[in-house]
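Scroll down for the structure; my scribbles are underneath it.
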Amino acid sequence: MTATRRNLITAGVAAAAAATGAAAYLWQRRAEPADAASAELWGLDFETPGPGRLAMASLRSQPLVLNFWATWCPPCVREMPALDRFYRDHRAKGWQVLGLAADNAAAVRKFLADTPVAFPIALAGFAGIDLSRRLGNLSGGLPFTVLYGRNGQVLKRQIGETHYEQLAAWAKGFS
């Protein structure tokens with residue numbers, strides 16, 4: 001066997017081992033207790049852009065669209081009207097929406113002054129990215145949306161921009 005062929009075989013075996021290891025790591029992280037993080041979520045409370053705090057426990061008995069976002073995130077800003085429309089159209093049916101900003105309070109206040117929404121917004125700061133990771137957002141990207149059922153259990157997770165039609169379909173499927 002030539003040295004070149006031996007090196008190619010060795011490199012192939014090493015690449016396969018690395019891919020297997022990476023896949024196992026990601027599988028373990030995916031299976032990591034996002035349910036435990038969800039259980040912890042209901043005990044948290046967050047500052048709001050206005051005076052006061054929002055206790056997550058107050059949102060637990062109804063279906064909830066929890067959206068992690070930031071003012072500096074273009075897809076987050078683009079999806080705000082869809083989230084607001086969904087909330088306005090579905091709140092009478094018991095649906096709730098919470099925008100959890102992974103951002104600083106001043107930026108969120110300025111954004112909301114220019115682009116008001118009917119649904120509640122809370123401030124998680126940059127620790128919100130870590131919370132989103134514990135809830136299943138392995139990449140830590142924004143926006144990240146988690147759909148919770150009435151029982152507080154995760155029904156869906158999505159990384160990336162949501163659209164009104166998609167949110168309405170989720171509501172129809174889980175009402």
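Ligands are numbered from 1 in the order shown, chains are lettered A, B, ... in the order of the structure tokens, and residues start at 1 in each chain.
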
inquiry  = Quick one: residues within 10 Å of Leu41 in chain A, only C-alpha atoms, excluding same-chain residues fewer than 2 positions away - as a list of chain:residue names?
reply    =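 Counting only the stated atoms, we get A:Asp35, A:Ala36, A:Ala37, A:Ser38, A:Ala39, A:Gly43, A:Leu44, A:Asp45, A:Ala55, A:Met56, A:Ala57, A:Arg60, A:Leu131, A:Arg134, A:Leu135, A:Gly152.
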
| Surrounding residues of Lys93 in chain A excluding itself and chain neighbours under 4 positions, 10 Å, only C-alpha atoms, as a list in words |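 Selected residues are Gln62, Pro63, Tyr87, Asp89, Ala171 and Ser175 of chain A.
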
Based on the backbone DSSP call, show me all residues of range 20-167 of chain A assigned strand (DSSP E), as a count of residues only. 32

One residue among A:Pro49, A:Val77, A:Trp170, A:Gln153 is nearest to Val108 in chain A when using only C-alpha atoms, and that residue is A:Pro49

ask   = How far is it from CA of Pro116 in chain A to CA of Gly128 in chain A, in Å with one decimal?
value =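 According to the coordinates, CA of Pro116 in chain A and CA of Gly128 in chain A are separated by 21.1 Å.
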
Using only C-alpha atoms, which protein or nucleic acid residues come within 12 Å of Glu79 in chain A? Drop anything in the same chain fewer than 5 positions from it, and give the result as a CSV table (one decimal) with C-alpha atoms, in the first residue's frame.
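Wrote selection-v6.csv, looks like this:
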chain,number,residue,atom,x,y,z
A,67,ASN,CA,-40.3,34.3,21.6
A,68,PHE,CA,-36.6,35.1,22.3
A,69,TRP,CA,-35.7,38.2,20.3
A,70,ALA,CA,-33.4,41.3,20.2
A,71,THR,CA,-33.7,44.8,18.7
A,73,CYS,CA,-31.7,41.0,15.1
A,74,PRO,CA,-33.3,41.8,11.7
A,84,ASP,CA,-48.6,40.9,17.5
A,85,ARG,CA,-51.3,40.0,15.0
A,86,PHE,CA,-51.3,36.4,16.2
A,99,GLY,CA,-41.4,38.4,23.9
A,115,THR,CA,-43.0,49.8,17.3
A,117,VAL,CA,-47.0,45.6,20.5
A,142,LEU,CA,-32.3,34.5,17.3
A,143,PRO,CA,-35.2,34.6,17.0
A,144,PHE,CA,-36.1,31.4,18.8
A,145,THR,CA,-39.7,30.4,19.6
A,160,GLY,CA,-35.6,31.5,12.9
A,161,GLU,CA,-38.3,33.8,11.9
A,162,THR,CA,-41.9,32.8,12.4
A,163,HIS,CA,-44.8,33.9,10.2
A,164,TYR,CA,-48.5,34.6,11.1
A,165,GLU,CA,-49.8,31.6,9.0
A,166,GLN,CA,-47.4,29.3,10.8
A,167,LEU,CA,-48.4,30.5,14.3

Under the rule that only C-alpha atoms are counted, which of A:Gly52, A:Gly136, A:Gly94, A:Pro75 is the nearest residue to Phe174 in chain A?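 Comparing A:Gly52, A:Gly136, A:Gly94, A:Pro75 against Phe174 in chain A, the winner is A:Gly94.
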
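Atom to atom, CA of Phe119 in chain A and CA of Leu66 in chain A stand 10.8 Å apart.
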
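The gap separating CA of Ala92 in chain A from CA of Ala34 in chain A is 29.2 Å, in Å to one decimal.
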
Discussion item. Here is a test: counting only C-alpha atoms, which residue of A:Leu54, A:Ile159, A:Ala3, A:Ala122 is nearest to Ser139 in chain A?
Written reply: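 That would be A:Ile159, the residue with the smallest distance to Ser139 in chain A.
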